[in-house]
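Structure first, then comments.
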Amino acid sequence: MNPLLVANWKMNPSSVKEAEILFDAVQKEVKKMAIDLVICPPYIYLEKFQYPIGNIHIGAQNMFYDERGAYTGEISSLMLKSLGLAYVILGHSERRQYFFETDEIINRKMKEALRCRIKPIFCVGEQTRESLNGQENFFELVIENQLVEGLRGVSSARLADIVVAYEPVWAIGAGEPATVDDIFRMGLFIRKVLTKLYGRPMAQRVKIIYGGSVTSHNAKDFIYEAKTDGLLVGGASLNATEFISLAKSLV
Ligand code: PGA
């Protein structure tokens, strides 16, 4: 299976011209590689990129949970679908933190995305490196709760469309990723929770990827040593040279 590489541009770059230049440089190189690439630009640039073509897909960074209605400033699943989008990032920690998205809101979005055949890249991750009051299994409990709540009511038939992104919040944009060992262990734990919820054969269908300070220097270790199915990349996806060398390091 090809590694899944997700580029989360967040609120960058600042002009459509720059977005086109970045996109063209990246897709020209990555289309020759055995990698499935999902580029997630800001909404306002999405229409510029009419994909999928081959291994290059376009994703959104968010969407609303109702398909239409009076929701000023929101974007619906139907709108994303009408542009041919294959993926949407849901539950990113920046959405949880700055836009107060709860597990319940994320769950509604998950179900709406799946209903519209848009694949959710469902982010989970603990806030801090320290466990609360030194509590044992603290991180596992946080992740398990996010998984259980986010997937509430999601049928096992849709699991093959779900990507779970393990993103420890403290590692995002920090220049310091989680260790290979921790990512490996958390990957196993996420699979264990999915198995508990859906049974082993179904749980195997979910892709589990890692995000948080991924660069061209460490990306390979997270795929081949931590045994993830892919990576969610923020900062390093904004520089074409860096991102192309990151992609090259995986093949
Ligand atoms: P980062 O962001 O690669 O800049 O740490 C990752 C993310 O927020 O998805």
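Ligands are numbered from 1 in the order shown, residues from 1 within each chain, and chains are lettered A, B, ... in the order they appear in the structure tokens.
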With only C-alpha atoms and all ligand atoms counted, collect every polymer residue having an atom within 9 Å of ligand 1; state the result as JSON, numbers by chain. {"A": [6, 7, 8, 9, 10, 92, 93, 94, 123, 165, 167, 169, 170, 171, 172, 173, 174, 175, 176, 177, 210, 211, 212, 213, 214, 215, 231, 232, 233, 234, 235, 236, 237]}
Return as a list of chain:residue names the full set of residues in region 43-106 of chain A whose backbone-based DSSP assignment is strand (DSSP E or B).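 Here are the strand (DSSP E or B) residues of region 43-106 of chain A: A:Ile53, A:Ile56, A:His57, A:Ile58, A:Gly59, A:Ala60, A:Tyr87, A:Val88, A:Ile89, A:Leu90.
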Give me the residues within 12 Å of Pro201 (chain A) as a PDB file with N, CA and C atoms, in the first residue's frame, counting only C-alpha atoms and dropping any in the same chain fewer than 2 places off.
ATOM      1  N   SER A 156     -19.718   0.044  10.646  1.00  0.00           N
ATOM      2  CA  SER A 156     -18.457  -0.624  10.306  1.00  0.00           C
ATOM      3  C   SER A 156     -18.256  -0.685   8.791  1.00  0.00           C
ATOM      4  N   ALA A 157     -19.351  -0.612   8.045  1.00  0.00           N
ATOM      5  CA  ALA A 157     -19.250  -0.685   6.586  1.00  0.00           C
ATOM      6  C   ALA A 157     -18.467   0.504   6.014  1.00  0.00           C
ATOM      7  N   LEU A 159     -15.760   1.938   7.443  1.00  0.00           N
ATOM      8  CA  LEU A 159     -14.428   2.099   8.042  1.00  0.00           C
ATOM      9  C   LEU A 159     -13.299   2.237   7.027  1.00  0.00           C
ATOM     10  N   ALA A 160     -13.463   1.592   5.877  1.00  0.00           N
ATOM     11  CA  ALA A 160     -12.394   1.656   4.875  1.00  0.00           C
ATOM     12  C   ALA A 160     -12.202   3.087   4.363  1.00  0.00           C
ATOM     13  N   ARG A 191      -5.491   0.985  16.999  1.00  0.00           N
ATOM     14  CA  ARG A 191      -6.010  -0.216  16.324  1.00  0.00           C
ATOM     15  C   ARG A 191      -6.776  -1.082  17.327  1.00  0.00           C
ATOM     16  N   LYS A 192      -6.262  -1.133  18.567  1.00  0.00           N
ATOM     17  CA  LYS A 192      -6.923  -1.943  19.598  1.00  0.00           C
ATOM     18  C   LYS A 192      -8.326  -1.390  19.922  1.00  0.00           C
ATOM     19  N   LEU A 194     -10.172   0.420  17.915  1.00  0.00           N
ATOM     20  CA  LEU A 194     -11.031   0.181  16.744  1.00  0.00           C
ATOM     21  C   LEU A 194     -11.489  -1.275  16.703  1.00  0.00           C
ATOM     22  N   THR A 195     -10.588  -2.169  17.115  1.00  0.00           N
ATOM     23  CA  THR A 195     -10.931  -3.595  17.138  1.00  0.00           C
ATOM     24  C   THR A 195     -12.029  -3.855  18.161  1.00  0.00           C
ATOM     25  N   LYS A 196     -11.898  -3.183  19.315  1.00  0.00           N
ATOM     26  CA  LYS A 196     -12.919  -3.338  20.356  1.00  0.00           C
ATOM     27  C   LYS A 196     -14.281  -2.839  19.846  1.00  0.00           C
ATOM     28  N   LEU A 197     -14.243  -1.765  19.069  1.00  0.00           N
ATOM     29  CA  LEU A 197     -15.493  -1.170  18.587  1.00  0.00           C
ATOM     30  C   LEU A 197     -16.099  -1.945  17.415  1.00  0.00           C
ATOM     31  N   TYR A 198     -15.229  -2.463  16.534  1.00  0.00           N
ATOM     32  CA  TYR A 198     -15.745  -2.984  15.263  1.00  0.00           C
ATOM     33  C   TYR A 198     -15.306  -4.411  14.932  1.00  0.00           C
ATOM     34  N   GLY A 199     -14.436  -4.987  15.745  1.00  0.00           N
ATOM     35  CA  GLY A 199     -13.905  -6.314  15.411  1.00  0.00           C
ATOM     36  C   GLY A 199     -12.659  -6.169  14.553  1.00  0.00           C
ATOM     37  N   ALA A 203     -11.502  -3.326  11.710  1.00  0.00           N
ATOM     38  CA  ALA A 203     -10.559  -2.344  12.258  1.00  0.00           C
ATOM     39  C   ALA A 203      -9.304  -2.243  11.386  1.00  0.00           C
ATOM     40  N   GLN A 204      -8.941  -3.355  10.735  1.00  0.00           N
ATOM     41  CA  GLN A 204      -7.740  -3.373   9.890  1.00  0.00           C
ATOM     42  C   GLN A 204      -7.887  -2.449   8.680  1.00  0.00           C
ATOM     43  N   ARG A 205      -9.121  -2.107   8.348  1.00  0.00           N
ATOM     44  CA  ARG A 205      -9.347  -1.308   7.135  1.00  0.00           C
ATOM     45  C   ARG A 205      -9.024   0.175   7.306  1.00  0.00           C
ATOM     46  N   VAL A 206      -8.968   0.606   8.563  1.00  0.00           N
ATOM     47  CA  VAL A 206      -8.735   2.033   8.821  1.00  0.00           C
ATOM     48  C   VAL A 206      -7.251   2.338   8.644  1.00  0.00           C
TER      49      VAL A 206
END
If DSSP is run on the backbone, what residues of region 126-231 of chain A are helix (DSSP H, G or I)? A reply as a VMD selection string would be ideal. chain A and resid 132 to 134 138 to 150 156 to 161 169 to 171 180 to 198 200 to 203 219 to 224
Excluding Ser76 (chain A) and any residue of its chain fewer than 4 positions from it, enumerate the residues within 8 Å of it, using only C-alpha atoms, and give them as an mmCIF file with N, CA and C atoms, in the first residue's frame.
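Saved the output as around_2.cif:
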data_model
loop_
_atom_site.group_PDB
_atom_site.id
_atom_site.type_symbol
_atom_site.label_atom_id
_atom_site.label_comp_id
_atom_site.auth_asym_id
_atom_site.auth_seq_id
_atom_site.Cartn_x
_atom_site.Cartn_y
_atom_site.Cartn_z
ATOM 1 N N MET A 63 -15.477 21.140 7.285
ATOM 2 C CA MET A 63 -16.784 21.322 6.637
ATOM 3 C C MET A 63 -17.848 21.391 7.728
ATOM 4 N N PHE A 64 -19.062 21.779 7.342
ATOM 5 C CA PHE A 64 -20.149 21.872 8.306
ATOM 6 C C PHE A 64 -20.915 20.553 8.331
ATOM 7 N N TYR A 65 -21.742 20.373 9.374
ATOM 8 C CA TYR A 65 -22.423 19.074 9.500
ATOM 9 C C TYR A 65 -23.810 19.006 8.887
ATOM 10 N N ASP A 66 -24.362 20.150 8.445
ATOM 11 C CA ASP A 66 -25.637 20.086 7.730
ATOM 12 C C ASP A 66 -25.380 20.338 6.254
ATOM 13 N N GLU A 67 -26.220 19.751 5.406
ATOM 14 C CA GLU A 67 -25.907 19.865 3.983
ATOM 15 C C GLU A 67 -26.338 21.198 3.383
ATOM 16 N N ARG A 68 -27.293 21.883 3.990
ATOM 17 C CA ARG A 68 -27.673 23.221 3.513
ATOM 18 C C ARG A 68 -28.350 23.987 4.637
ATOM 19 N N LEU A 80 -18.502 20.656 -1.182
ATOM 20 C CA LEU A 80 -17.211 19.978 -1.376
ATOM 21 C C LEU A 80 -17.358 18.873 -2.415
#
So, with only C-alpha atoms as the atoms that count, which of A:Lys207, A:Lys32, A:Lys48, A:Arg129 lies closest to Glu20 (chain A)?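 So, comparing all the options, the nearest one is A:Lys48.
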Between A:Ile244, A:Leu22, A:Met11, A:Val163, which one has atoms that come closest to His217 (chain A), using only C-alpha atoms?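 For His217 (chain A), the nearest of the candidates is A:Ile244.
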What is the CA of Ser131 (chain A) to CA of Asp182 (chain A) distance in Å? 14.1 Å
Counting only C-alpha atoms, the residue of A:Pro42, A:Gly91, A:Gly59, A:Pro52 that sits nearest Gly150 (chain A):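 Of the candidates, the smallest distance to Gly150 (chain A) is held by A:Gly91.
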I'd like the contact shell of region 83-88 of chain A - 10 Å cut-off, only C-alpha atoms, skipping same-chain residues fewer than 4 positions apart - returned as an MDAnalysis selection string. chainID A and resid 6 38:40 46:52 57:63 77:79 109:110 113:114 116:122 161:163
Export of prior selection with N, CA, C and O atoms as a compact mmCIF listing (two decimals), in the first residue's frame:
# COMPACT_ATOMS: atom_id res chain seq x y z
N VAL A 6 -0.63 13.65 3.60
CA VAL A 6 -1.64 14.72 3.61
C VAL A 6 -0.95 16.04 3.90
O VAL A 6 -0.24 16.17 4.90
N VAL A 38 -2.70 13.92 -0.66
CA VAL A 38 -3.92 14.72 -0.50
C VAL A 38 -3.48 16.12 -0.11
O VAL A 38 -2.92 16.32 0.96
N ILE A 39 -3.73 17.09 -0.99
CA ILE A 39 -3.38 18.47 -0.66
C ILE A 39 -4.64 19.16 -0.16
O ILE A 39 -5.70 19.10 -0.80
N CYS A 40 -4.53 19.80 1.01
CA CYS A 40 -5.69 20.46 1.63
C CYS A 40 -5.44 21.97 1.69
O CYS A 40 -4.90 22.48 2.68
N LEU A 46 -9.89 26.09 -3.38
CA LEU A 46 -10.21 24.72 -3.79
C LEU A 46 -10.61 24.61 -5.27
O LEU A 46 -10.24 23.67 -5.95
N GLU A 47 -11.36 25.58 -5.73
CA GLU A 47 -11.89 25.46 -7.08
C GLU A 47 -10.79 25.53 -8.15
O GLU A 47 -10.99 25.09 -9.28
N LYS A 48 -9.66 26.06 -7.76
CA LYS A 48 -8.53 26.16 -8.70
C LYS A 48 -7.98 24.80 -9.07
O LYS A 48 -7.32 24.63 -10.09
N PHE A 49 -8.19 23.84 -8.18
CA PHE A 49 -7.53 22.55 -8.36
C PHE A 49 -8.56 21.46 -8.62
O PHE A 49 -9.17 20.94 -7.71
N GLN A 50 -8.78 21.17 -9.89
CA GLN A 50 -9.79 20.19 -10.27
C GLN A 50 -9.16 18.80 -10.31
O GLN A 50 -8.66 18.37 -11.33
N TYR A 51 -9.20 18.12 -9.19
CA TYR A 51 -8.58 16.81 -9.07
C TYR A 51 -9.61 15.85 -8.55
O TYR A 51 -10.72 16.27 -8.28
N PRO A 52 -9.43 14.52 -8.44
CA PRO A 52 -8.17 13.78 -8.48
C PRO A 52 -7.64 13.53 -9.89
O PRO A 52 -8.40 13.37 -10.83
N HIS A 57 -4.81 13.94 -4.86
CA HIS A 57 -6.19 14.25 -4.46
C HIS A 57 -6.23 15.60 -3.76
O HIS A 57 -5.22 16.08 -3.27
N ILE A 58 -7.45 16.15 -3.71
CA ILE A 58 -7.63 17.41 -2.98
C ILE A 58 -8.56 17.15 -1.80
O ILE A 58 -9.54 16.40 -1.91
N GLY A 59 -8.23 17.78 -0.68
CA GLY A 59 -9.08 17.66 0.50
C GLY A 59 -9.40 19.04 1.05
O GLY A 59 -8.71 20.02 0.75
N ALA A 60 -10.46 19.10 1.87
CA ALA A 60 -10.78 20.34 2.57
C ALA A 60 -10.24 20.23 4.00
O ALA A 60 -9.96 19.13 4.48
N GLN A 61 -10.11 21.37 4.65
CA GLN A 61 -9.58 21.37 6.04
C GLN A 61 -10.69 21.30 7.07
O GLN A 61 -10.42 21.21 8.27
N ASN A 62 -11.93 21.36 6.61
CA ASN A 62 -13.07 21.39 7.53
C ASN A 62 -14.33 21.34 6.68
O ASN A 62 -14.27 21.49 5.46
N MET A 63 -15.48 21.14 7.28
CA MET A 63 -16.78 21.32 6.64
C MET A 63 -17.85 21.39 7.73
O MET A 63 -17.57 21.08 8.89
N SER A 77 -20.97 19.78 2.97
CA SER A 77 -20.48 18.57 2.32
C SER A 77 -20.87 18.55 0.84
O SER A 77 -20.08 18.13 -0.01
N LEU A 78 -22.07 19.03 0.53
CA LEU A 78 -22.52 19.02 -0.87
C LEU A 78 -21.66 19.94 -1.73
O LEU A 78 -21.37 19.63 -2.89
N MET A 79 -21.25 21.06 -1.15
CA MET A 79 -20.38 21.98 -1.91
C MET A 79 -19.04 21.33 -2.19
O MET A 79 -18.51 21.42 -3.31
N LYS A 109 -20.05 15.86 12.00
CA LYS A 109 -19.33 16.10 10.74
C LYS A 109 -18.84 14.79 10.12
O LYS A 109 -18.88 14.61 8.91
N MET A 110 -18.36 13.89 10.98
CA MET A 110 -17.89 12.58 10.49
C MET A 110 -19.01 11.87 9.74
O MET A 110 -18.82 11.35 8.64
N ALA A 113 -19.83 13.61 6.42
CA ALA A 113 -18.82 13.37 5.39
C ALA A 113 -18.98 11.97 4.81
O ALA A 113 -19.01 11.78 3.59
N LEU A 114 -19.15 10.99 5.68
CA LEU A 114 -19.27 9.60 5.21
C LEU A 114 -20.55 9.41 4.38
O LEU A 114 -20.54 8.71 3.37
N CYS A 116 -21.82 11.51 2.47
CA CYS A 116 -21.57 12.10 1.15
C CYS A 116 -20.38 11.49 0.44
O CYS A 116 -19.89 12.02 -0.55
N ARG A 117 -19.88 10.40 0.98
CA ARG A 117 -18.74 9.71 0.37
C ARG A 117 -17.49 10.60 0.28
O ARG A 117 -16.77 10.59 -0.71
N ILE A 118 -17.29 11.41 1.30
CA ILE A 118 -16.04 12.15 1.42
C ILE A 118 -15.28 11.49 2.57
O ILE A 118 -15.86 11.24 3.63
N LYS A 119 -14.02 11.18 2.33
CA LYS A 119 -13.26 10.43 3.34
C LYS A 119 -12.76 11.35 4.45
O LYS A 119 -11.97 12.26 4.18
N PRO A 120 -13.18 11.10 5.70
CA PRO A 120 -12.68 11.95 6.78
C PRO A 120 -11.27 11.56 7.23
O PRO A 120 -10.97 10.38 7.40
N ILE A 121 -10.45 12.58 7.41
CA ILE A 121 -9.15 12.40 8.05
C ILE A 121 -9.38 12.90 9.47
O ILE A 121 -9.43 14.11 9.73
N PHE A 122 -9.62 11.96 10.36
CA PHE A 122 -10.16 12.24 11.69
C PHE A 122 -8.99 12.36 12.68
O PHE A 122 -8.29 11.39 12.94
N ASP A 161 -13.19 3.94 4.59
CA ASP A 161 -13.10 5.33 4.12
C ASP A 161 -12.50 6.26 5.16
O ASP A 161 -12.37 7.46 4.93
N ILE A 162 -12.20 5.73 6.34
CA ILE A 162 -11.75 6.60 7.43
C ILE A 162 -10.23 6.53 7.60
O ILE A 162 -9.63 5.46 7.59
N VAL A 163 -9.65 7.72 7.75
CA VAL A 163 -8.23 7.81 8.11
C VAL A 163 -8.19 8.40 9.51
O VAL A 163 -8.81 9.44 9.75
Ile183 (chain A) surroundings by only C-alpha atoms, 10 Å radius, close-in-sequence under 3 positions cut, as a count of residues only: 20
So how far away is CA of Leu250 (chain A) from CA of Ile35 (chain A), in Å?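 Taking CA of Ile35 (chain A) and CA of Leu250 (chain A), their separation equals 8.0 Å.
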